[in-house]
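Shown here: target-v1.cif, mmCIF, C-alpha atoms.
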```
data_start
#
loop_
_atom_site.group_PDB
_atom_site.id
_atom_site.type_symbol
_atom_site.label_atom_id
_atom_site.label_comp_id
_atom_site.auth_asym_id
_atom_site.auth_seq_id
_atom_site.Cartn_x
_atom_site.Cartn_y
_atom_site.Cartn_z
ATOM 1 C CA MET R 157 -50.246 -84.197 53.582
ATOM 2 C CA THR R 158 -52.208 -81.170 52.453
ATOM 3 C CA ALA R 159 -52.892 -80.042 48.916
ATOM 4 C CA LEU R 160 -50.509 -77.119 49.315
ATOM 5 C CA GLU R 161 -47.425 -79.119 50.268
ATOM 6 C CA PRO R 162 -44.755 -79.164 47.562
ATOM 7 C CA THR R 163 -44.479 -82.214 45.385
ATOM 8 C CA PRO R 164 -41.671 -82.938 42.915
ATOM 9 C CA THR R 165 -44.001 -82.663 39.909
ATOM 10 C CA ASP R 166 -45.904 -79.539 40.946
ATOM 11 C CA PRO R 167 -44.547 -76.561 38.945
ATOM 12 C CA ALA R 168 -46.122 -74.082 41.332
ATOM 13 C CA HIS R 169 -43.608 -75.153 43.960
ATOM 14 C CA ILE R 170 -40.470 -74.990 41.838
ATOM 15 C CA ALA R 171 -37.777 -72.354 42.305
ATOM 16 C CA PRO R 172 -37.966 -71.454 45.988
ATOM 17 C CA ARG R 173 -36.199 -68.194 46.715
ATOM 18 C CA ARG R 174 -35.230 -66.205 49.726
ATOM 19 C CA ASP R 175 -38.073 -63.770 49.036
ATOM 20 C CA GLY R 176 -40.776 -66.148 47.805
ATOM 21 C CA ASN R 177 -41.656 -69.466 46.207
ATOM 22 C CA GLY R 178 -43.252 -70.882 43.082
ATOM 23 C CA VAL R 179 -46.752 -70.214 44.389
ATOM 24 C CA ASP R 180 -45.943 -66.493 44.346
ATOM 25 C CA LEU R 181 -44.697 -66.596 40.773
ATOM 26 C CA HIS R 182 -47.703 -68.638 39.658
ATOM 27 C CA TYR R 183 -50.058 -66.161 41.324
ATOM 28 C CA LEU R 184 -48.424 -63.133 39.700
ATOM 29 C CA GLN R 185 -48.346 -64.678 36.226
ATOM 30 C CA HIS R 186 -51.977 -65.738 36.344
ATOM 31 C CA ALA R 187 -53.139 -62.472 37.895
ATOM 32 C CA LEU R 188 -51.506 -60.590 35.042
ATOM 33 C CA ALA R 189 -53.159 -62.814 32.435
ATOM 34 C CA ALA R 190 -56.568 -62.420 34.095
ATOM 35 C CA LEU R 191 -56.386 -58.634 33.895
ATOM 36 C CA GLY R 192 -56.597 -58.608 30.088
ATOM 37 C CA PRO R 193 -60.246 -59.601 29.704
ATOM 38 C CA ALA R 194 -61.296 -57.589 32.758
ATOM 39 C CA MET R 195 -59.583 -54.426 31.502
ATOM 40 C CA ALA R 196 -61.089 -54.864 28.034
ATOM 41 C CA ALA R 197 -64.561 -55.142 29.558
ATOM 42 C CA SER R 198 -63.998 -52.078 31.723
ATOM 43 C CA ARG R 199 -62.701 -50.018 28.796
ATOM 44 C CA ALA R 200 -65.684 -50.966 26.655
ATOM 45 C CA ALA R 201 -68.205 -50.149 29.386
ATOM 46 C CA THR R 202 -66.462 -46.862 30.181
ATOM 47 C CA VAL R 203 -66.862 -45.689 26.609
ATOM 48 C CA ARG R 204 -70.003 -47.347 25.259
ATOM 49 C CA SER R 205 -72.401 -47.979 28.137
ATOM 50 C CA HIS R 206 -75.557 -45.882 28.077
ATOM 51 C CA ASP R 207 -75.940 -46.156 31.866
ATOM 52 C CA GLU R 208 -74.029 -43.624 33.991
ATOM 53 C CA ASP R 209 -73.827 -46.033 36.958
ATOM 54 C CA VAL R 210 -72.259 -48.688 34.751
ATOM 55 C CA ARG R 211 -69.799 -46.170 33.268
ATOM 56 C CA SER R 212 -68.873 -44.986 36.765
ATOM 57 C CA LEU R 213 -68.256 -48.528 38.000
ATOM 58 C CA ALA R 214 -66.271 -49.280 34.838
ATOM 59 C CA ARG R 215 -64.059 -46.229 35.434
ATOM 60 C CA GLN R 216 -63.451 -47.307 39.027
ATOM 61 C CA ALA R 217 -62.715 -50.862 37.921
ATOM 62 C CA LEU R 218 -60.297 -49.693 35.228
ATOM 63 C CA SER R 219 -58.470 -47.489 37.720
ATOM 64 C CA LEU R 220 -58.135 -50.433 40.117
ATOM 65 C CA GLN R 221 -57.039 -52.762 37.326
ATOM 66 C CA THR R 222 -54.398 -50.282 36.164
ATOM 67 C CA SER R 223 -52.988 -50.110 39.704
ATOM 68 C CA GLN R 224 -53.031 -53.892 39.955
ATOM 69 C CA LEU R 225 -51.257 -54.161 36.599
ATOM 70 C CA ALA R 226 -48.467 -51.908 37.861
ATOM 71 C CA ALA R 227 -48.083 -53.829 41.145
ATOM 72 C CA ILE R 228 -48.121 -57.228 39.442
ATOM 73 C CA SER R 229 -45.632 -56.093 36.801
ATOM 74 C CA ALA R 230 -43.314 -54.842 39.548
ATOM 75 C CA GLY R 231 -43.638 -58.196 41.298
ATOM 76 C CA LEU R 232 -42.750 -60.066 38.118
ATOM 77 C CA LEU R 233 -39.717 -57.841 37.636
ATOM 78 C CA ARG R 234 -38.588 -58.869 41.135
ATOM 79 C CA TRP R 235 -38.750 -62.447 39.856
ATOM 80 C CA ASP R 236 -36.608 -61.485 36.863
ATOM 81 C CA ARG R 237 -39.482 -61.948 34.427
ATOM 82 C CA PRO R 238 -39.284 -58.715 32.375
ATOM 83 C CA LYS R 239 -40.898 -60.239 29.264
ATOM 84 C CA VAL R 240 -43.904 -61.450 31.243
ATOM 85 C CA ALA R 241 -44.120 -58.175 33.187
ATOM 86 C CA ALA R 242 -44.104 -56.119 29.974
ATOM 87 C CA ARG R 243 -47.003 -58.084 28.494
ATOM 88 C CA ALA R 244 -49.908 -55.671 28.562
ATOM 89 C CA PRO R 245 -53.501 -56.697 27.880
ATOM 90 C CA GLY R 246 -53.717 -56.968 24.115
ATOM 91 C CA PRO R 247 -56.176 -56.224 21.337
ATOM 92 C CA ASN R 248 -57.458 -59.801 21.340
ATOM 93 C CA ASP R 249 -59.079 -59.095 24.693
ATOM 94 C CA ALA R 250 -60.968 -56.135 23.200
ATOM 95 C CA GLU R 251 -62.359 -57.989 20.169
ATOM 96 C CA ARG R 252 -65.085 -59.636 22.235
ATOM 97 C CA TRP R 253 -66.532 -56.242 23.127
ATOM 98 C CA THR R 254 -66.644 -54.561 19.701
ATOM 99 C CA GLY R 255 -70.231 -55.520 18.798
ATOM 100 C CA LEU R 256 -71.809 -54.922 22.202
ATOM 101 C CA HIS R 257 -73.757 -51.762 23.077
ATOM 102 C CA GLY R 258 -76.418 -50.680 25.539
ATOM 103 C CA ALA R 259 -78.015 -53.229 27.853
ATOM 104 C CA ALA R 260 -76.161 -56.166 26.242
ATOM 105 C CA LEU R 261 -72.820 -54.475 26.930
ATOM 106 C CA ASP R 262 -73.851 -53.601 30.479
ATOM 107 C CA ARG R 263 -74.895 -57.171 31.215
ATOM 108 C CA ALA R 264 -71.739 -58.682 29.673
ATOM 109 C CA PHE R 265 -69.620 -56.198 31.656
ATOM 110 C CA GLN R 266 -71.376 -57.166 34.864
ATOM 111 C CA VAL R 267 -70.873 -60.873 34.187
ATOM 112 C CA GLN R 268 -67.188 -60.411 33.259
ATOM 113 C CA LEU R 269 -66.399 -58.232 36.264
ATOM 114 C CA THR R 270 -68.243 -60.573 38.648
ATOM 115 C CA ALA R 271 -66.391 -63.625 37.336
ATOM 116 C CA HIS R 272 -63.082 -61.760 37.489
ATOM 117 C CA ALA R 273 -63.702 -60.653 41.080
ATOM 118 C CA HIS R 274 -64.542 -64.164 42.274
ATOM 119 C CA ALA R 275 -61.552 -65.693 40.470
ATOM 120 C CA SER R 276 -59.236 -62.979 41.812
ATOM 121 C CA ILE R 277 -60.397 -63.537 45.367
ATOM 122 C CA SER R 278 -59.899 -67.279 45.043
ATOM 123 C CA ALA R 279 -56.403 -66.917 43.570
ATOM 124 C CA ALA R 280 -55.437 -64.341 46.185
ATOM 125 C CA ARG R 281 -56.564 -66.648 48.984
ATOM 126 C CA THR R 282 -54.410 -69.422 47.554
ATOM 127 C CA GLU R 283 -51.475 -66.999 47.487
ATOM 128 C CA MET R 284 -52.117 -66.044 51.108
ATOM 129 C CA VAL R 285 -51.925 -69.702 52.171
ATOM 130 C CA GLY R 286 -49.143 -71.064 49.963
ATOM 131 C CA GLY R 287 -47.051 -68.065 49.001
ATOM 132 C CA ALA R 288 -43.999 -66.762 50.816
ATOM 133 C CA SER R 289 -43.305 -63.392 49.173
ATOM 134 C CA PRO R 290 -44.265 -60.340 51.242
ATOM 135 C CA HIS R 291 -44.710 -58.372 47.993
ATOM 136 C CA ALA R 292 -47.064 -60.938 46.431
ATOM 137 C CA ARG R 293 -48.918 -61.253 49.738
ATOM 138 C CA ALA R 294 -49.528 -57.489 49.783
ATOM 139 C CA ILE R 295 -50.882 -57.646 46.226
ATOM 140 C CA ALA R 296 -53.158 -60.533 47.230
ATOM 141 C CA GLU R 297 -54.441 -58.722 50.329
ATOM 142 C CA ASP R 298 -55.175 -55.588 48.314
ATOM 143 C CA SER R 299 -56.884 -57.674 45.654
ATOM 144 C CA ILE R 300 -59.178 -59.392 48.148
ATOM 145 C CA ARG R 301 -60.277 -56.062 49.624
ATOM 146 C CA ALA R 302 -60.772 -54.403 46.235
ATOM 147 C CA GLN R 303 -62.606 -57.319 44.647
ATOM 148 C CA CYS R 304 -64.984 -57.617 47.608
ATOM 149 C CA GLN R 305 -65.788 -53.923 47.198
ATOM 150 C CA GLN R 306 -66.381 -54.446 43.474
ATOM 151 C CA LEU R 307 -68.715 -57.353 44.168
ATOM 152 C CA ALA R 308 -70.693 -55.146 46.543
ATOM 153 C CA ALA R 309 -70.904 -52.404 43.878
ATOM 154 C CA LEU R 310 -71.969 -54.961 41.285
ATOM 155 C CA HIS R 311 -74.675 -56.243 43.636
ATOM 156 C CA VAL R 312 -76.078 -52.724 43.947
ATOM 157 C CA LEU R 313 -75.862 -52.291 40.180
ATOM 158 C CA SER R 314 -77.527 -55.643 39.532
ATOM 159 C CA PRO R 315 -81.177 -54.449 39.372
ATOM 160 C CA VAL R 316 -80.186 -51.696 36.937
ATOM 161 C CA VAL R 317 -78.512 -54.091 34.528
ATOM 162 C CA ALA R 318 -80.731 -57.160 34.922
#
```
If you took the structure in this file and wrote it as structure tokens, what would it be?
Amino acid sequence: MTALEPTPTDPAHIAPRRDGNGVDLHYLQHALAALGPAMAASRAATVRSHDEDVRSLARQALSLQTSQLAAISAGLLRWDRPKVAARAPGPNDAERWTGLHGAALDRAFQVQLTAHAHASISAARTEMVGGASPHARAIAEDSIRAQCQQLAALHVLSPVVA
């Protein structure tokens, strides 16, 4: 038995469908929730960073996150989850960033985006192994590629922010 085999008590494996399984739904719901803090960080850095390289990366990240939000929302609508799909990142996510400016903001942005990228890659890999939905798989594949590119950009940015 592997860790990804369905068990009666594992909610990630409930509700198999012709076009996917519970792993897909779990992935989409958690990916949507994870976008809130990442988008708040990107918005803050886009507007308030004093470093042009950080602002540029934040704009790129926000563009990617907006595309991911649309794809994930569409996936949740396919699962008949309109209330979850309509949940946009809220003001609570932005509160953390209100007092940060300059180098402190840049560093916090870098940490948040790095953590988000690693978590996204990990979740997407789990989806690739355990999921069954072609739509969710495409989102996961795109996420892995995009997050690896962001990690590379963050690595280049690292000396500037550190």
Please report, as JSON lines, each residue of region 263-308 of chain R lying at most 12 Å from region 199-208 of chain R, together with the nearest pair of atoms and the separation in Å rounded to one decimal; use all atoms listed in the file, and order rows by chain and ascending residue number.
```
{"residue": "R:Arg263", "atom": "CA", "partner": "R:Ala201", "partner_atom": "CA", "distance": 9.9}
{"residue": "R:Ala264", "atom": "CA", "partner": "R:Ala201", "partner_atom": "CA", "distance": 9.2}
{"residue": "R:Phe265", "atom": "CA", "partner": "R:Ala201", "partner_atom": "CA", "distance": 6.6}
{"residue": "R:Gln266", "atom": "CA", "partner": "R:Ala201", "partner_atom": "CA", "distance": 9.4}
{"residue": "R:Gln268", "atom": "CA", "partner": "R:Ala201", "partner_atom": "CA", "distance": 11.0}
{"residue": "R:Leu269", "atom": "CA", "partner": "R:Ala201", "partner_atom": "CA", "distance": 10.8}
```
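Atom pair CA of Arg237 (chain R) / CA of Gln221 (chain R): separated by 20.0 Å.
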#### Entry: Counting all atoms listed in the file, the residue of R:Glu297, R:His186, R:Ser198, R:Asp180 that sits nearest Asp249 (chain R)
R:Ser198
### Query
Near Gln303 (chain R), within 12 Å and counting only C-alpha atoms, which residues show up once chain neighbours fewer than 4 positions away are dropped, as a ChimeraX atom specification?
/R:194,216-217,220-221,224,269-281,295-299,307-310
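Using the PyMOL selection byres ((chain R and resi 225) around 10) on this structure selects Leu184, Ala187, Leu188, Ala189, Leu191, Gly192, Met195, Ser219, Leu220, Gln221, Thr222, Ser223, Gln224, Ala226, Ala227, Ile228, Ser229, Ala230, Gly231, Ala241, Ala242, Arg243, Ala244 and Pro245 of chain R.
With distances restricted to all atoms listed in the file, R:Gln185 is the closest residue to Leu232 (chain R) from R:Gln185, R:Gln305, R:Ala250, R:Gly286.
The residue set within 9 Å of Arg252 (chain R), counting all atoms listed in the file and dropping same-chain residues fewer than 4 places from it, reads Pro193, Ala196, Ala197, Asn248 and Leu256 of chain R.
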Can you write out the residues you just picked, keeping C-alpha atoms, as a compact mmCIF listing (two decimals), keeping the file's coordinate frame?
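Saved the output as part_8.txt:
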```
# COMPACT_ATOMS: atom_id res chain seq x y z
CA PRO R 193 -60.25 -59.60 29.70
CA ALA R 196 -61.09 -54.86 28.03
CA ALA R 197 -64.56 -55.14 29.56
CA ASN R 248 -57.46 -59.80 21.34
CA LEU R 256 -71.81 -54.92 22.20
```
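Straight-line separation from CA of Cys304 (chain R) to CA of Pro290 (chain R): 21.2 Å.
Distance-wise, CA of Trp253 (chain R) and CA of His311 (chain R) end up 22.1 Å apart.
Of the residues under consideration (R:Leu261, R:Val312, R:Ile300, R:Leu181), R:Leu181 shows the shortest atom-to-atom contact distance to Asp236 (chain R) when counting all atoms listed in the file.
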